[in-house]
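S.K.: Coordinates in run-v3.tsv, TSV, C-alpha atoms and all ligand atoms, are listed below.
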chain	number	residue	atom	x	y	z
R	239	MET	CA	0.00	0.00	0.00
R	240	LEU	CA	1.19	3.52	-0.85
R	241	THR	CA	0.26	6.76	0.89
R	242	VAL	CA	1.11	10.17	-0.54
R	243	PHE	CA	1.10	13.29	1.61
R	244	GLY	CA	1.72	16.83	0.36
R	245	SER	CA	0.30	19.87	-1.34
R	246	VAL	CA	-2.89	19.92	-3.36
R	247	ALA	CA	-3.01	23.30	-5.04
R	248	LEU	CA	-4.64	25.75	-7.33
R	249	ASP	CA	-1.80	26.65	-9.68
R	250	THR	CA	-1.33	29.62	-11.98
R	251	ILE	CA	1.28	28.71	-14.57
R	252	ARG	CA	2.70	31.21	-17.05
R	253	THR	CA	4.51	29.77	-20.07
R	254	PRO	CA	5.59	31.82	-23.11
R	255	SER	CA	2.69	30.40	-25.13
R	256	ARG	CA	-0.11	30.19	-22.56
R	257	ILE	CA	-1.21	31.20	-19.07
R	258	ILE	CA	-3.40	28.83	-17.10
R	259	LYS	CA	-5.03	30.14	-13.93
R	260	ASN	CA	-6.16	28.37	-10.77
R	261	VAL	CA	-5.90	24.90	-12.22
R	262	LEU	CA	-5.57	21.69	-10.23
R	263	GLY	CA	-1.95	21.23	-9.22
R	264	GLY	CA	0.15	20.53	-6.17
R	265	ALA	CA	3.03	18.19	-5.58
R	266	ALA	CA	0.86	15.46	-4.03
R	267	THR	CA	-1.67	15.73	-6.86
R	268	PHE	CA	0.91	15.07	-9.59
R	269	ALA	CA	2.69	12.40	-7.54
R	270	ALA	CA	-0.49	10.52	-6.58
R	271	ILE	CA	-1.96	10.59	-10.10
R	272	SER	CA	1.36	9.41	-11.52
R	273	ALA	CA	1.62	6.61	-8.92
R	274	SER	CA	-1.96	5.53	-9.65
R	275	PHE	CA	-0.84	3.90	-12.92
R	276	PHE	CA	1.09	1.36	-10.81
R	277	THR	CA	-0.94	1.01	-7.60
R	278	LYS	CA	-3.94	2.76	-6.01
R	279	PRO	CA	-2.46	5.46	-3.75
R	280	SER	CA	-4.05	6.89	-0.64
R	281	LEU	CA	-3.80	10.65	-0.42
R	282	ILE	CA	-3.52	12.89	2.66
R	283	ALA	CA	-3.86	16.62	1.98
R	284	VAL	CA	-5.78	19.72	2.91
R	285	VAL	CA	-7.87	21.94	0.63
R	286	GLY	CA	-10.01	24.99	1.32
R	287	HIS	CA	-13.66	25.95	0.79
R	288	ASP	CA	-12.78	27.25	-2.70
R	289	PHE	CA	-11.58	23.88	-3.98
R	290	PRO	CA	-13.78	23.11	-6.98
R	291	ARG	CA	-15.95	20.00	-6.90
R	292	LYS	CA	-14.69	19.04	-10.38
R	293	TYR	CA	-11.11	18.86	-9.07
R	294	GLN	CA	-12.22	16.76	-6.10
R	295	ASN	CA	-13.85	14.41	-8.64
R	296	VAL	CA	-10.59	14.17	-10.60
R	297	LEU	CA	-8.75	13.17	-7.43
R	298	ASN	CA	-11.48	10.70	-6.48
R	299	SER	CA	-11.05	8.93	-9.79
R	300	PHE	CA	-7.33	8.28	-9.28
R	301	VAL	CA	-6.78	7.89	-5.53
R	302	ASP	CA	-8.34	6.89	-2.24
R	303	ALA	CA	-9.31	10.40	-1.16
R	304	THR	CA	-10.48	9.60	2.39
R	305	GLY	CA	-7.48	11.52	3.73
R	306	ILE	CA	-8.32	14.83	2.03
R	307	VAL	CA	-9.39	17.35	4.66
R	308	HIS	CA	-11.65	20.27	3.67
R	309	ALA	CA	-10.68	23.14	5.97
R	310	LYS	CA	-11.97	26.66	6.47
R	311	GLY	CA	-10.02	29.13	4.35
R	312	LYS	CA	-8.43	29.18	0.91
R	313	THR	CA	-6.65	26.33	-0.85
R	314	PHE	CA	-2.85	26.51	-1.17
R	315	ARG	CA	-1.95	28.53	-4.27
R	316	TYR	CA	1.18	28.58	-6.35
R	317	ASP	CA	2.02	31.01	-9.18
R	318	GLY	CA	5.07	30.43	-11.38
R	319	SER	CA	6.47	31.67	-14.71
R	320	TYR	CA	8.76	29.92	-17.16
R	321	ASP	CA	11.34	31.59	-19.36
R	322	ASN	CA	11.41	31.15	-23.15
R	323	THR	CA	13.42	27.92	-22.92
R	324	LEU	CA	10.98	26.41	-20.38
R	325	SER	CA	14.06	25.42	-18.36
R	326	PHE	CA	13.88	28.10	-15.68
R	327	ARG	CA	10.94	28.84	-13.45
R	328	THR	CA	10.43	31.88	-11.27
R	329	THR	CA	8.04	31.64	-8.35
R	330	ASN	CA	5.80	34.71	-8.39
R	331	LYS	CA	3.74	33.81	-5.36
R	332	THR	CA	3.35	31.03	-2.80
R	333	GLU	CA	0.19	31.36	-0.69
R	334	LEU	CA	0.17	28.69	1.99
R	335	ASN	CA	-3.40	29.41	3.14
R	336	VAL	CA	-4.90	26.23	4.69
R	337	LEU	CA	-1.53	24.49	4.46
R	338	ARG	CA	0.04	26.85	7.00
R	339	ASP	CA	-1.36	25.40	10.21
R	340	PHE	CA	-2.50	22.04	8.94
R	341	LYS	CA	-2.23	19.26	11.53
R	342	PRO	CA	-2.28	16.17	9.37
R	343	ILE	CA	-3.76	12.94	10.70
R	344	VAL	CA	-3.19	9.55	9.12
R	345	PRO	CA	-6.55	7.81	8.67
R	346	GLU	CA	-6.60	4.43	10.47
R	347	LYS	CA	-6.77	2.44	7.24
R	348	TYR	CA	-3.66	4.18	5.84
R	349	ARG	CA	-1.46	3.41	8.86
R	350	LYS	CA	-0.34	0.06	7.52
R	351	SER	CA	1.12	1.65	4.34
R	352	GLU	CA	4.53	0.16	3.62
R	353	PHE	CA	5.38	2.83	1.05
R	354	VAL	CA	5.05	6.50	1.95
R	355	TYR	CA	5.81	9.50	-0.22
R	356	LEU	CA	6.15	12.88	1.47
R	357	ALA	CA	5.69	15.22	-1.47
R	358	ASN	CA	6.63	18.84	-1.38
R	359	ASN	CA	5.16	20.31	1.78
R	360	ASP	CA	6.06	21.90	5.09
R	361	PRO	CA	9.06	19.76	6.20
R	362	SER	CA	8.07	19.74	9.85
R	363	GLN	CA	4.60	18.40	8.96
R	364	ASN	CA	6.31	15.78	6.79
R	365	ALA	CA	8.70	14.69	9.56
R	366	ARG	CA	5.84	14.46	12.04
R	367	ILE	CA	3.47	12.44	9.87
R	368	ILE	CA	5.98	9.72	8.93
R	369	LYS	CA	6.05	8.65	12.60
R	370	GLU	CA	2.33	7.86	12.45
R	371	PHE	CA	2.74	4.90	10.10
R	372	ASP	CA	3.13	1.46	11.70
R	373	LYS	CA	5.37	-0.47	9.29
R	374	VAL	CA	7.06	1.68	6.69
R	375	LYS	CA	9.27	-0.33	4.35
R	376	PHE	CA	10.31	2.54	2.08
R	377	SER	CA	9.75	6.27	2.47
R	378	MET	CA	10.73	9.10	0.18
R	379	CYS	CA	10.56	12.89	0.39
R	380	ASP	CA	11.05	15.92	-1.83
R	381	THR	CA	11.43	19.63	-1.18
R	382	ILE	CA	11.43	22.95	-3.05
R	383	ASP	CA	13.33	26.26	-2.88
R	384	PHE	CA	10.57	27.90	-0.79
R	385	TRP	CA	11.11	25.46	2.12
R	386	ILE	CA	14.90	25.48	1.76
R	387	SER	CA	14.94	29.23	2.14
R	388	THR	CA	12.35	29.44	4.94
R	389	LYS	CA	12.90	26.20	6.95
R	390	ARG	CA	16.31	24.78	5.97
R	391	ASN	CA	16.95	23.06	9.33
R	392	ASP	CA	13.57	21.34	9.21
R	393	VAL	CA	14.28	20.20	5.64
R	394	ILE	CA	17.56	18.64	6.84
R	395	LYS	CA	15.81	16.95	9.78
R	396	MET	CA	13.12	15.56	7.45
R	397	MET	CA	15.83	14.07	5.22
R	398	GLY	CA	17.17	12.19	8.23
R	399	VAL	CA	13.91	10.30	8.85
R	400	VAL	CA	13.24	8.91	5.36
R	401	ASP	CA	14.86	6.15	3.30
R	402	SER	CA	15.25	8.26	0.19
R	403	VAL	CA	15.32	11.86	-0.93
R	404	VAL	CA	14.29	12.93	-4.40
R	405	ILE	CA	15.30	16.49	-5.21
R	406	ASN	CA	16.07	18.55	-8.29
R	407	ASP	CA	19.62	19.60	-9.13
R	408	GLU	CA	19.24	23.33	-8.41
R	409	GLU	CA	17.55	22.65	-5.07
R	410	ALA	CA	20.18	20.04	-4.12
R	411	LYS	CA	22.90	22.65	-4.73
R	412	MET	CA	21.01	25.34	-2.85
R	413	LEU	CA	20.33	23.07	0.11
R	414	THR	CA	23.84	21.66	0.44
R	415	LYS	CA	25.63	24.87	-0.56
R	416	THR	CA	27.78	23.08	-3.13
R	417	HIS	CA	27.94	23.16	-6.94
R	418	ASN	CA	28.83	19.52	-7.41
R	419	LEU	CA	25.97	17.00	-7.47
R	420	ILE	CA	28.07	14.10	-6.14
R	421	LYS	CA	29.13	16.20	-3.15
R	422	ALA	CA	25.54	17.34	-2.72
R	423	ALA	CA	24.26	13.75	-2.69
R	424	ARG	CA	26.94	12.67	-0.19
R	425	LYS	CA	26.02	15.51	2.12
R	426	ILE	CA	22.32	14.61	1.98
R	427	MET	CA	23.21	10.96	2.75
R	428	GLU	CA	25.24	12.15	5.75
R	429	TRP	CA	22.01	13.62	7.11
R	430	GLY	CA	20.60	10.09	7.40
R	431	THR	CA	18.88	8.96	4.20
R	432	LYS	CA	20.11	5.89	2.29
R	433	TYR	CA	19.23	6.86	-1.28
R	434	VAL	CA	19.38	10.21	-3.03
R	435	ILE	CA	17.82	10.76	-6.43
R	436	ILE	CA	18.77	14.02	-8.10
R	437	LYS	CA	16.43	15.06	-10.91
R	438	LYS	CA	18.05	17.04	-13.70
R	439	GLY	CA	15.00	18.01	-15.75
R	440	GLU	CA	15.56	17.33	-19.44
R	441	HIS	CA	18.87	15.64	-18.53
R	442	GLY	CA	17.33	12.81	-16.53
R	443	SER	CA	18.37	11.73	-13.06
R	444	LEU	CA	21.19	10.43	-10.88
R	445	LEU	CA	20.50	7.78	-8.24
R	446	PHE	CA	23.02	7.52	-5.41
R	447	TYR	CA	23.36	4.66	-2.93
R	448	ASP	CA	26.56	4.05	-0.94
R	449	ASP	CA	29.27	4.43	-3.58
R	450	ILE	CA	26.95	3.51	-6.43
R	451	VAL	CA	25.79	6.10	-8.96
R	452	PHE	CA	23.06	5.12	-11.43
R	453	PRO	CA	22.46	7.76	-14.11
R	454	SER	CA	19.35	7.56	-16.28
R	455	PRO	CA	18.70	9.93	-19.16
R	456	ALA	CA	15.39	11.64	-19.63
R	457	PHE	CA	13.13	10.28	-22.37
R	458	SER	CA	14.01	12.65	-25.23
R	459	LEU	CA	11.11	14.79	-26.41
R	460	GLU	CA	10.71	17.36	-29.12
R	461	ASN	CA	7.64	19.15	-27.81
R	462	ILE	CA	7.45	20.30	-24.21
R	463	VAL	CA	4.67	22.68	-23.17
R	464	ASP	CA	4.62	22.82	-19.35
R	465	PRO	CA	7.26	21.32	-17.03
R	466	THR	CA	5.15	21.89	-13.89
R	467	GLY	CA	4.78	18.73	-11.88
R	468	ALA	CA	7.41	16.80	-13.83
R	469	GLY	CA	9.44	16.24	-10.67
R	470	ASP	CA	6.40	15.13	-8.70
R	471	SER	CA	5.31	12.82	-11.52
R	472	PHE	CA	8.83	11.38	-11.53
R	473	ALA	CA	8.67	10.67	-7.81
R	474	GLY	CA	5.11	9.32	-7.96
R	475	GLY	CA	6.02	6.97	-10.82
R	476	MET	CA	9.09	5.83	-8.96
R	477	ILE	CA	7.44	5.02	-5.63
R	478	GLY	CA	4.26	3.76	-7.31
R	479	TYR	CA	6.34	1.22	-9.22
R	480	LEU	CA	8.19	0.15	-6.04
R	481	ALA	CA	4.91	-0.26	-4.18
R	482	SER	CA	3.46	-2.33	-7.04
R	483	LYS	CA	6.47	-4.67	-6.82
R	484	ASN	CA	6.49	-4.52	-3.01
R	485	SER	CA	10.25	-4.45	-3.31
R	486	THR	CA	13.14	-2.28	-2.19
R	487	LYS	CA	15.88	-4.22	-3.96
R	488	LEU	CA	18.47	-1.97	-5.59
R	489	SER	CA	17.72	-3.45	-9.04
R	490	THR	CA	14.00	-2.59	-8.59
R	491	ILE	CA	14.90	0.90	-7.36
R	492	LYS	CA	16.93	1.41	-10.55
R	493	GLU	CA	13.97	0.28	-12.71
R	494	ALA	CA	11.76	2.59	-10.65
R	495	ALA	CA	14.04	5.54	-11.49
R	496	VAL	CA	13.54	4.76	-15.18
R	497	TYR	CA	9.76	4.69	-14.67
R	498	GLY	CA	10.21	8.05	-12.93
R	499	ASN	CA	11.82	9.49	-16.05
R	500	VAL	CA	9.10	8.00	-18.23
R	501	MET	CA	6.29	9.50	-16.08
R	502	GLY	CA	8.05	12.89	-15.99
R	503	SER	CA	8.20	12.86	-19.79
R	504	PHE	CA	4.42	12.42	-20.06
R	505	ALA	CA	3.77	15.23	-17.57
R	506	VAL	CA	5.58	17.89	-19.61
R	507	GLU	CA	3.80	17.17	-22.88
R	508	ARG	CA	0.55	18.89	-21.86
R	509	TYR	CA	-0.51	21.68	-19.51
R	510	GLY	CA	-1.09	20.98	-15.82
R	511	ILE	CA	-2.24	17.46	-14.99
R	512	HIS	CA	-3.40	16.80	-18.58
R	513	GLY	CA	-0.21	15.00	-19.54
R	514	LEU	CA	-1.07	12.36	-16.94
R	515	VAL	CA	-4.84	12.08	-16.73
R	516	GLY	CA	-5.42	10.79	-20.26
R	517	LEU	CA	-2.71	8.14	-20.00
R	518	LYS	CA	-3.19	4.39	-20.26
R	519	LYS	CA	-0.89	1.76	-18.79
R	520	SER	CA	-0.13	0.61	-22.33
R	521	HIS	CA	1.31	4.07	-23.19
R	522	ILE	CA	3.64	3.80	-20.21
R	523	GLN	CA	4.80	0.30	-21.11
R	524	LYS	CA	5.37	1.34	-24.72
R	525	ARG	CA	7.50	4.30	-23.68
R	526	PHE	CA	9.42	2.18	-21.13
R	527	LYS	CA	10.24	-0.30	-23.92
R	528	ARG	CA	11.38	2.49	-26.25
R	529	TYR	CA	13.49	3.92	-23.42
R	530	ARG	CA	15.14	0.49	-23.01
R	531	GLN	CA	15.95	0.41	-26.72
R	532	MET	CA	17.24	3.99	-26.60
R	533	VAL	CA	19.80	3.35	-23.82
R	534	HIS	CA	20.92	-0.10	-25.02
R	535	PHE	CA	24.31	-0.31	-26.75
N	601	LIG	P1	7.47	20.65	-9.64
N	601	LIG	O1	7.19	21.29	-10.97
N	601	LIG	O2	7.56	19.15	-9.75
N	601	LIG	O3	8.59	21.26	-8.91
N	601	LIG	O4	6.19	20.90	-8.72
N	601	LIG	C1	5.27	21.92	-8.94
N	601	LIG	C2	4.11	21.75	-7.99
N	601	LIG	O5	4.55	21.97	-6.64
N	601	LIG	C3	3.03	22.76	-8.28
N	601	LIG	O6	1.86	22.09	-8.71
N	601	LIG	C4	2.83	23.51	-6.97
N	601	LIG	O7	1.49	23.61	-6.60
N	601	LIG	C5	3.62	22.74	-5.94
N	601	LIG	N1	4.36	23.65	-5.05
N	601	LIG	C6	5.03	24.77	-5.40
N	601	LIG	N2	5.60	25.36	-4.31
N	601	LIG	C7	5.28	24.57	-3.25
N	601	LIG	C8	5.56	24.64	-1.84
N	601	LIG	N3	6.27	25.64	-1.30
N	601	LIG	N4	5.08	23.65	-1.04
N	601	LIG	C9	4.37	22.65	-1.56
N	601	LIG	N5	4.07	22.53	-2.88
N	601	LIG	C10	4.50	23.47	-3.72
Could I get this structure in the form of structure tokens?
M.R.:
Amino acid sequence: MLTVFGSVALDTIRTPSRIIKNVLGGAATFAAISASFFTKPSLIAVVGHDFPRKYQNVLNSFVDATGIVHAKGKTFRYDGSYDNTLSFRTTNKTELNVLRDFKPIVPEKYRKSEFVYLANNDPSQNARIIKEFDKVKFSMCDTIDFWISTKRNDVIKMMGVVDSVVINDEEAKMLTKTHNLIKAARKIMEWGTKYVIIKKGEHGSLLFYDDIVFPSPAFSLENIVDPTGAGDSFAGGMIGYLASKNSTKLSTIKEAAVYGNVMGSFAVERYGIHGLVGLKKSHIQKRFKRYRQMVHF
């Protein structure tokens, strides 16, 4: 069983070709929908009174939504703009709203989850909630520049209580105050986690474990429209695959990283969650096969 905890958001995304306002987003949304192609995830999150019914219905169709709390106040909102290359994103606004003082509770039926993904969210909430699960076999967390700049010590503490950290290259450098990704990964492992997966956007990912480095390229694409949620889709695909195999063997973790790259590639092909929601398992398998052929020599 897999539980995902993190932000469910109303996103405003500004790309050079289109602006989409107040659409369903959030790290946990992308991660849980992505994971749902491998196993049915349970979601814990908070939304406000303004959260549209149609978005609740989308979530209901992909996840067990018992853990979504409807609180008084506004839903978490994120506003970001991409540059012309779609490689750099500037955060215009982060409104925590109901996320600020959320006291998450793990529903009784989720407590036995063996796989737990702590998506982008307040790191102290993340560190607290992981203790509420009874028999975690594999946990993973992510973070974002906002939390590194406002709660760095809590981010470091959170990374000490999970089995793996998935983080993008720029944030890994910012967090560890180094420019080298190997040094950054080592430093994160010193804080207590066993695996570090550094996401490098269009350049794929690096998986670190002990002295092992497993690089996997991104699935090459010609047309990218919106990179939002690619990292979360990567992580959701990765942990969803692990949960479906009920395995934490290194060889399975490597395969999971490849599924992460495959899921990230679908996310960027359409705006918002639309790269994921129309997918079929057969599309994923086809792309995984092509990926295998691509990297074989
Ligand atoms: P990604 O593109 O994978 O880095 O993730 C983008 C998603 O993360 C968006 O859908 C946002 O709603 C969400 N997000 C952005 N900032 C934060 C934050 N400070 N805490 C939690 N989630 C966030």
S.K.: Could you check which residues have any atom within 8 Å of (1.2, 2.3, 7.2), counting all atoms listed in the file with coordinates taken straight from the file, and then list them as a short mmCIF file (atom, residue, chain, number, x, y, z; two decimals) with C-alpha atoms, in the frame of the given file?
M.R.:
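File produced: selection.cif:
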data_model
loop_
_atom_site.label_atom_id
_atom_site.label_comp_id
_atom_site.auth_asym_id
_atom_site.auth_seq_id
_atom_site.Cartn_x
_atom_site.Cartn_y
_atom_site.Cartn_z
CA MET R 239 0.00 0.00 0.00
CA THR R 241 0.26 6.76 0.89
CA LYS R 347 -6.77 2.44 7.24
CA TYR R 348 -3.66 4.18 5.84
CA ARG R 349 -1.46 3.41 8.86
CA LYS R 350 -0.34 0.06 7.52
CA SER R 351 1.12 1.65 4.34
CA GLU R 352 4.53 0.16 3.62
CA PHE R 353 5.38 2.83 1.05
CA VAL R 354 5.05 6.50 1.95
CA GLU R 370 2.33 7.86 12.45
CA PHE R 371 2.74 4.90 10.10
CA ASP R 372 3.13 1.46 11.70
CA LYS R 373 5.37 -0.47 9.29
CA VAL R 374 7.06 1.68 6.69
#
S.K.: Using all atoms listed in the file, what table do you get, as a tab-separated table, when you list each residue of chain R with an atom no more than 7 Å from ligand LIG 601 (chain N), its nearest pair of atoms, and their distance in Å rounded to one decimal, rows by chain then rising number?
M.R.:
residue	atom	partner	partner_atom	distance
R:Gly244	CA	N:LIG601	C9	6.7
R:Ser245	CA	N:LIG601	N5	4.9
R:Val246	CA	N:LIG601	O7	6.6
R:Ala247	CA	N:LIG601	O7	4.8
R:Leu248	CA	N:LIG601	O7	6.5
R:Asp249	CA	N:LIG601	O7	5.4
R:Gly263	CA	N:LIG601	O6	3.9
R:Gly264	CA	N:LIG601	O7	3.4
R:Ala265	CA	N:LIG601	O5	4.2
R:Arg315	CA	N:LIG601	O7	6.4
R:Tyr316	CA	N:LIG601	O7	5.0
R:Thr332	CA	N:LIG601	N2	6.3
R:Asn358	CA	N:LIG601	C9	4.4
R:Asn359	CA	N:LIG601	C9	4.2
R:Asp360	CA	N:LIG601	N4	6.4
R:Ile382	CA	N:LIG601	N3	6.1
R:Phe384	CA	N:LIG601	N3	4.9
R:Trp385	CA	N:LIG601	N3	5.9
R:Pro465	CA	N:LIG601	O1	6.1
R:Thr466	CA	N:LIG601	O1	3.6
R:Gly467	CA	N:LIG601	O2	3.5
R:Ala468	CA	N:LIG601	O2	4.7
R:Gly469	CA	N:LIG601	O2	3.6
R:Asp470	CA	N:LIG601	O2	4.3
R:Ser471	CA	N:LIG601	O2	6.9
S.K.: Filtering to C-alpha atoms, could you give me those residues as a PDB file, keeping the file's coordinate frame?
M.R.:
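Result file is result_18.pdb:
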ATOM      1  CA  GLY R 244       1.720  16.830   0.360  1.00  0.00           C
ATOM      2  CA  SER R 245       0.300  19.870  -1.340  1.00  0.00           C
ATOM      3  CA  VAL R 246      -2.890  19.920  -3.360  1.00  0.00           C
ATOM      4  CA  ALA R 247      -3.010  23.300  -5.040  1.00  0.00           C
ATOM      5  CA  LEU R 248      -4.640  25.750  -7.330  1.00  0.00           C
ATOM      6  CA  ASP R 249      -1.800  26.650  -9.680  1.00  0.00           C
ATOM      7  CA  GLY R 263      -1.950  21.230  -9.220  1.00  0.00           C
ATOM      8  CA  GLY R 264       0.150  20.530  -6.170  1.00  0.00           C
ATOM      9  CA  ALA R 265       3.030  18.190  -5.580  1.00  0.00           C
ATOM     10  CA  ARG R 315      -1.950  28.530  -4.270  1.00  0.00           C
ATOM     11  CA  TYR R 316       1.180  28.580  -6.350  1.00  0.00           C
ATOM     12  CA  THR R 332       3.350  31.030  -2.800  1.00  0.00           C
ATOM     13  CA  ASN R 358       6.630  18.840  -1.380  1.00  0.00           C
ATOM     14  CA  ASN R 359       5.160  20.310   1.780  1.00  0.00           C
ATOM     15  CA  ASP R 360       6.060  21.900   5.090  1.00  0.00           C
ATOM     16  CA  ILE R 382      11.430  22.950  -3.050  1.00  0.00           C
ATOM     17  CA  PHE R 384      10.570  27.900  -0.790  1.00  0.00           C
ATOM     18  CA  TRP R 385      11.110  25.460   2.120  1.00  0.00           C
ATOM     19  CA  PRO R 465       7.260  21.320 -17.030  1.00  0.00           C
ATOM     20  CA  THR R 466       5.150  21.890 -13.890  1.00  0.00           C
ATOM     21  CA  GLY R 467       4.780  18.730 -11.880  1.00  0.00           C
ATOM     22  CA  ALA R 468       7.410  16.800 -13.830  1.00  0.00           C
ATOM     23  CA  GLY R 469       9.440  16.240 -10.670  1.00  0.00           C
ATOM     24  CA  ASP R 470       6.400  15.130  -8.700  1.00  0.00           C
ATOM     25  CA  SER R 471       5.310  12.820 -11.520  1.00  0.00           C
TER      26      SER R 471
END
S.K.: Every residue with an atom at most 8 Å from (-0.5, 16.8, 11.3) (file coordinates; all atoms listed in the file) is what I'm after, so could you write them as a list in words?
M.R.: Phe340, Lys341, Pro342, Ile343, Gln363, Arg366 and Ile367 of chain R
S.K.: What is the atom CA of Pro290 of chain R to atom CA of Val307 of chain R distance in Å?
M.R.: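 Rounded to one decimal, the two atoms are 13.7 Å apart.
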S.K.: Compare R:Lys278, R:Val533, R:Lys432, R:Ser272 by their minimum atom-to-atom distance to Gly516 of chain R, counting only C-alpha atoms, and give me the closest one.
M.R.: R:Ser272
S.K.: So that I can check the surroundings of Asp321 of chain R, please list as a VMD selection string every protein, DNA and RNA residue that reaches within 10 Å of it, counting only C-alpha atoms and ignoring chain neighbours fewer than 6 positions away.
M.R.: chain R and resid 252 to 254 327 to 328
S.K.: List the spatial neighbours of Val336 of chain R as a VMD selection string - criterion: any atom at most 6 Å away, only C-alpha atoms, same-chain residues fewer than 3 positions off excluded.
M.R.: chain R and resid 311 to 313
S.K.: Point out the residue among R:Phe289, R:Phe326, R:Tyr509, R:Tyr529 with the least atom-to-atom distance to Arg256 of chain R, counting all atoms listed in the file.
M.R.: R:Tyr509
S.K.: Contacts of segment 482-487 of chain R at 8 Å or less, counting all atoms listed in the file, minus same-chain residues fewer than 4 places along, as a VMD selection string?
M.R.: chain R and resid 276 to 277 375 to 376 478 491
S.K.: Keeping only C-alpha atoms, take the residues you just selected and write them out as an mmCIF file, keeping the file's coordinate frame.
M.R.:
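Okay, selection-v2.cif is ready:
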data_model
loop_
_atom_site.group_PDB
_atom_site.id
_atom_site.type_symbol
_atom_site.label_atom_id
_atom_site.label_comp_id
_atom_site.auth_asym_id
_atom_site.auth_seq_id
_atom_site.Cartn_x
_atom_site.Cartn_y
_atom_site.Cartn_z
ATOM 1 C CA PHE R 276 1.090 1.360 -10.810
ATOM 2 C CA THR R 277 -0.940 1.010 -7.600
ATOM 3 C CA LYS R 375 9.270 -0.330 4.350
ATOM 4 C CA PHE R 376 10.310 2.540 2.080
ATOM 5 C CA GLY R 478 4.260 3.760 -7.310
ATOM 6 C CA ILE R 491 14.900 0.900 -7.360
#
S.K.: Atom CA of Leu240 of chain R and atom CA of Ile282 of chain R are how many Å apart?
M.R.: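 About the pair atom CA of Leu240 of chain R and atom CA of Ile282 of chain R: they are 11.1 Å apart.
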S.K.: Choose the residue, out of R:Gly498, R:Gly318, R:Pro453, R:Gly439, that has the smallest atom-to-atom separation from Gly475 of chain R; count only C-alpha atoms.
M.R.: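 Of all the options, R:Gly498 lies closest to Gly475 of chain R.
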S.K.: One decimal, in Å: what's the spacing between atom CA of Val496 of chain R and atom CA of Lys369 of chain R?
M.R.: 29.0 Å
S.K.: Excluding Val404 of chain R and its own-chain neighbours fewer than 6 positions away, which residues fall within 10 Å of it when counting all atoms listed in the file? Please give them as a PDB file with C-alpha atoms, in the frame of the given file.
M.R.:
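Produced file around.pdb, reproduced below:
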ATOM      1  CA  ALA R 357       5.690  15.220  -1.470  1.00  0.00           C
ATOM      2  CA  MET R 378      10.730   9.100   0.180  1.00  0.00           C
ATOM      3  CA  CYS R 379      10.560  12.890   0.390  1.00  0.00           C
ATOM      4  CA  ASP R 380      11.050  15.920  -1.830  1.00  0.00           C
ATOM      5  CA  THR R 381      11.430  19.630  -1.180  1.00  0.00           C
ATOM      6  CA  MET R 397      15.830  14.070   5.220  1.00  0.00           C
ATOM      7  CA  ALA R 410      20.180  20.040  -4.120  1.00  0.00           C
ATOM      8  CA  TYR R 433      19.230   6.860  -1.280  1.00  0.00           C
ATOM      9  CA  VAL R 434      19.380  10.210  -3.030  1.00  0.00           C
ATOM     10  CA  ILE R 435      17.820  10.760  -6.430  1.00  0.00           C
ATOM     11  CA  ILE R 436      18.770  14.020  -8.100  1.00  0.00           C
ATOM     12  CA  LYS R 437      16.430  15.060 -10.910  1.00  0.00           C
ATOM     13  CA  SER R 443      18.370  11.730 -13.060  1.00  0.00           C
ATOM     14  CA  LEU R 444      21.190  10.430 -10.880  1.00  0.00           C
ATOM     15  CA  LEU R 445      20.500   7.780  -8.240  1.00  0.00           C
ATOM     16  CA  GLY R 469       9.440  16.240 -10.670  1.00  0.00           C
ATOM     17  CA  ASP R 470       6.400  15.130  -8.700  1.00  0.00           C
ATOM     18  CA  PHE R 472       8.830  11.380 -11.530  1.00  0.00           C
ATOM     19  CA  ALA R 473       8.670  10.670  -7.810  1.00  0.00           C
ATOM     20  CA  MET R 476       9.090   5.830  -8.960  1.00  0.00           C
TER      21      MET R 476
END
S.K.: Write out as number ranges by chain which residues come within 10 Å of Glu493 of chain R when counting all atoms listed in the file, dropping same-chain ones fewer than 6 positions away.
M.R.: R: 454, 476, 479-480, 526
S.K.: Could you write out the selected residues, including C-alpha atoms, as a PDB file, in the coordinates of the input?
M.R.:
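out.pdb, written as the output of this step:
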ATOM      1  CA  SER R 454      19.350   7.560 -16.280  1.00  0.00           C
ATOM      2  CA  MET R 476       9.090   5.830  -8.960  1.00  0.00           C
ATOM      3  CA  TYR R 479       6.340   1.220  -9.220  1.00  0.00           C
ATOM      4  CA  LEU R 480       8.190   0.150  -6.040  1.00  0.00           C
ATOM      5  CA  PHE R 526       9.420   2.180 -21.130  1.00  0.00           C
TER       6      PHE R 526
END
S.K.: Please write out, as lines of an AutoDock Vina configuration file, where the centre of an axis-aligned box around all listed atoms of segment 308-321 of chain R lies and how long its edges are, in Å to one decimal, after adding 3 Å on each side.
M.R.:
center_x = -0.3
center_y = 26.0
center_z = -6.4
size_x = 29.3
size_y = 17.4
size_z = 31.8
